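*Asks:* Have a look at the structure that comes next, please.
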Amino acid sequence: MKYKIIFLMLLFWGVLSAQNKVLIPQPTSVKFENGSFEITETTTFSVEKNEAQLKEMISVFIEKIRKVKGWNLKIKTKKLSKNTIHFQKEKSGVNGAYQIFSSKENILVKAASAEGFANAIATLRQLLPSEIESEKITAAPLIIPAVTISDTPSYQWRGLMLDVARHFFPKEYILKTIDRMALLKLNVLHLHLIDNEGWRIEIKKYPKLTQVGAWRVNQEDKNWNERKTNDPLEKGTYGGFYTQNDIKEMVAYALKRGITIVPEVELPAHTMSAIAAYPELSCHGNPIAVPSGGVWPITDIYCPGKETTFTFLENVIDEIIALFPSQYIHIGGDEATHTEWEKCPFCNERMQKENLKNVHQLQSYFVKRIDAYLKTKKKKLIGWDEILEGGLPQNAIVMNWRGVGIAQKIIEQGHQVILTSNGYIDQYQGAPEKEPLAIGGHLPLTRLYTERFDEQKLSAQQIKNVLGVQANLWAEYIGDEKHSEYMLFPRLLAVAEIAWNKNETASVKNFVSKVQEMLPRLEKMDINYAKSMYQITSKMKNLPNGKIQISLESEVPNADIRFVLNSQMLKNSQPYKQPIEVSETTSFSAGIFVDDKLYDVHSDKVVFHKAVGKSVWFSPKYHENYQGQGDATLTNVVRGSKNFHDKQWLGWQLQSPEIVIDLQEVTDINQIIIGAMENQGSAIYFPAEIELFVSLDGKNFIAKEKITHSYQKNGVARLQHFSFENVNEKCRFVKLKFKNTTNELLKTNDGWLFLDEIQIF
Ligand code: TNX
């Protein structure tokens, strides 16, 4: 009897454990059955015919098994039989599609394409225990549940771009990343090999591209946008590049995993590294250094007036084409400022000769010439969405990075598009104060997942011209592998879901739960993934009764959040069940617990003051794009975050507002605190000056003190309080007169002033 129970329990456990394996991306159709197949030392792999590429792909899988079990499993050419994993080539099918039939007896894999087999192997990896991903021998049995899967990708381009130019990442890291992409069925690795700050690929005909262009003066201790211009004679020590052999190895490694590497040959801008090596490539021809950090605007660009520029590029492209079998070549095309072209006699001659009206048409001429060259090599051109300006070459494919609107334009012109905007995983995935310094923006896991690269903003007709989606990991702020992994994971799991399942409407909660289940696997892969989804954020809301409602959230569904008011002592905390309402200044602390382990603590303070809920006048009114909560924004208690889109900020562009607060009765005031933001990368500056006036009647204002702030270059977003202390006034009206830094000092044409609250005590 006892044994019977144990037997039944085991059976039950076996059934349970074999079911509901989490798969990312979700297969089109999956049906788990009872029972399972176990890979043992005697299992064989088999193929119908002796196909070299398929066998190489299977070998990659066999190698994983060898690493965790020490077995050398064989591939035989024979029919499906017992204890085998059999790979059967189909005559036709969608590229990348596959089927798996696994039972107690054997496993049958069917696909019509190499990518299909690679995808099937990715699924087999995920069906196996996470130990399969480790590099260590394991005792865990290699059990694959009995299952029938039929799976077809929605998009043919499921991409990731790695920027290896801003920071260099060694070959080994690229190989690792390829293997990780394969697990998620991502099939395109776009390598951004060239940028101002580094040329990363050996070109035999132009050795200086890597001797000079791959190295820059090491200013890694400074913020990217605060690095000074280098002397062209100073030797660079930070950098690196891939030899042509490295590239061959990467391409072959990727191919065995169903992944195509697409090289980007940036032009005409983002190429100061090449110009540093060969100054004649620019219009002026003067020596320049490889910059160590941000350059803006980018004016040192290739000269399309000189024929030699095209000879150079064609030679470079020849060598690149010989290395990358990809049918696509990316030519960049972004962010060129054409001031040098306007001055350049060669460019002017070219414009005249080719009947080009302006430099935009000259840029288009440049791209079209490169396209014509690529066509002679049977390659298809891809570019960033700027290549739209001045006219696109025929059949060019465009990556939109400046919003969905431009994607629609591209499609209207009959071109295919790869959606990349809203896939900028160089942005923050959690609260900036808890994250490593990033370029800015905010793209947490769940937002990436729900925004779906904006595909849902396209019509059914438009979406037919979407070749796929791609996440871009720009690396200005990412100096090493661990940091790169942190930015990639777990967000790449969302990218994989979107890329595989077009227009899927599965719940984000369900997705996050799947991600949680996948984390042990990422750990086995030694990936330094971000735990940002466990961060607590608090949202504050004004209630009609004047109270503030605090709600606590995390991206993880049903999280165990506990909180405490006016104390830091989390151990005295109570479970958070519903939003908390407060009517006076209150500090709070909240913790998120997973399996009773504290993951994150979030503390903040709600500050009530004398101006809360009072009327405010603005002259001029704030900008329509940044109107926060309207007129009440600056007196609503609720503070803004470093995310300037969080609807708690009022913004003025190139204007110096006057703001008057009516306290409704004569009031004693002592202190005024003004909350402002600076994010120079987004042209937001602290005010240059704030002048305080007070009045009893709202007509006659008396000037009081003035605060001044002098502009300093700064690459990091900051929040700061500007305060008037010991004011000691009795008044009803408070007026603050601001001076916008841009107007007064910088004379740029896009500067912003951002305010979130004016506290009066
Ligand atoms: C814009 S996206 C760029 C890159 C930067 C990136 C930072 C694109 C085509 N150009 O050069 O690295 O923003 O997010």
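Here, A, B, ... name the chains of the structure tokens in the order displayed, residue numbers run from 1 inside each chain, and ligands are numbered from 1 in the same displayed order.
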Around ligand 1, which protein and nucleic acid residues have at least one atom no more than 9 Å from it, if we count only C-alpha atoms and all ligand atoms? List them as a PyMOL selection string.

*Replies:* chain A and resi 163+166+195+270+332-335+383-386+399-402+420-421+424-427+439-441+472-476

*Asks:* Any idea what's packed within 8 Å of range 105-115 of chain A, counting only C-alpha atoms, ignoring anything in its chain fewer than 4 positions away? Could you give it as an MDAnalysis selection string?

*Replies:* chainID A and resid 37 53:54 80:101 119:120 187 257:259

*Asks:* Out of A:Pro291, A:Pro544, A:Gly70, A:Pro153, which residue has the shortest atom-to-atom distance to Trp199 in chain A when counting only C-alpha atoms?

*Replies:* A:Pro291

*Asks:* May I ask which of the residues A:Arg732, A:Lys378, A:His360, A:Lys457 is the closest one to Ser695 in chain A, counting only C-alpha atoms?

*Replies:*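 Answer, going by the shortest atom-to-atom distance: A:Arg732.
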
*Asks:* Taking only C-alpha atoms into account, name the residue in A:Glu555, A:Lys176, A:Leu356, A:Leu189 that is nearest to Asn510 in chain A.

*Replies:*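 Distance minimum relative to Asn510 in chain A lands on A:Glu555.
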
*Asks:* Neighbouring residues of range 636-645 of chain A were defined as those with any atom within 7 Å, considering only C-alpha atoms; residues of the same chain fewer than 3 positions away were excluded. Please report them as a PyMOL selection string.

*Replies:* chain A and resi 441-442+540+542+606-608+612-613+632-633+648-649+717+719+756-757

*Asks:* Run DSSP on the backbone of this structure and report the residues of range 440-658 of chain A it assigns to strand (DSSP E or B), as a PyMOL selection string.

*Replies:* chain A and resi 442+466-473+537-542+548-553+560-565+574-575+580-582+586-594+597-606+615-619+627+650-653+658

*Asks:* Lys739 in chain A: which residues within 7 Å, counting only C-alpha atoms, same-chain residues fewer than 3 positions away excluded, as a list in words?

*Replies:*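 The filter keeps Ser656, Pro687, Ala688, Glu689 and Ile690 of chain A.
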
*Asks:* Those residues with N, CA, C and O atoms, as a compact mmCIF listing (two decimals), in the first residue's frame please?

*Replies:*
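Heads up, here's the output in result.txt:
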# COMPACT_ATOMS: atom_id res chain seq x y z
N SER A 656 11.25 82.57 -20.70
CA SER A 656 11.54 82.85 -19.31
C SER A 656 10.25 83.21 -18.61
O SER A 656 9.79 84.35 -18.68
N PRO A 687 17.38 76.81 -14.27
CA PRO A 687 17.20 78.24 -14.57
C PRO A 687 18.49 79.01 -14.30
O PRO A 687 19.25 78.68 -13.39
N ALA A 688 18.73 80.04 -15.11
CA ALA A 688 19.92 80.87 -14.91
C ALA A 688 19.69 81.80 -13.72
O ALA A 688 20.62 82.17 -13.01
N GLU A 689 18.43 82.16 -13.52
CA GLU A 689 18.12 83.14 -12.49
C GLU A 689 16.67 82.97 -12.03
O GLU A 689 15.79 82.65 -12.83
N ILE A 690 16.45 83.15 -10.74
CA ILE A 690 15.07 83.20 -10.23
C ILE A 690 14.98 84.42 -9.33
O ILE A 690 15.77 84.55 -8.39

*Asks:* Of the candidates A:Gly405, A:Gly285, A:Pro263, A:Gly116, which one gets nearest to Leu323 in chain A if we count only C-alpha atoms?

*Replies:*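 Result for the nearest residue to Leu323 in chain A: A:Pro263.
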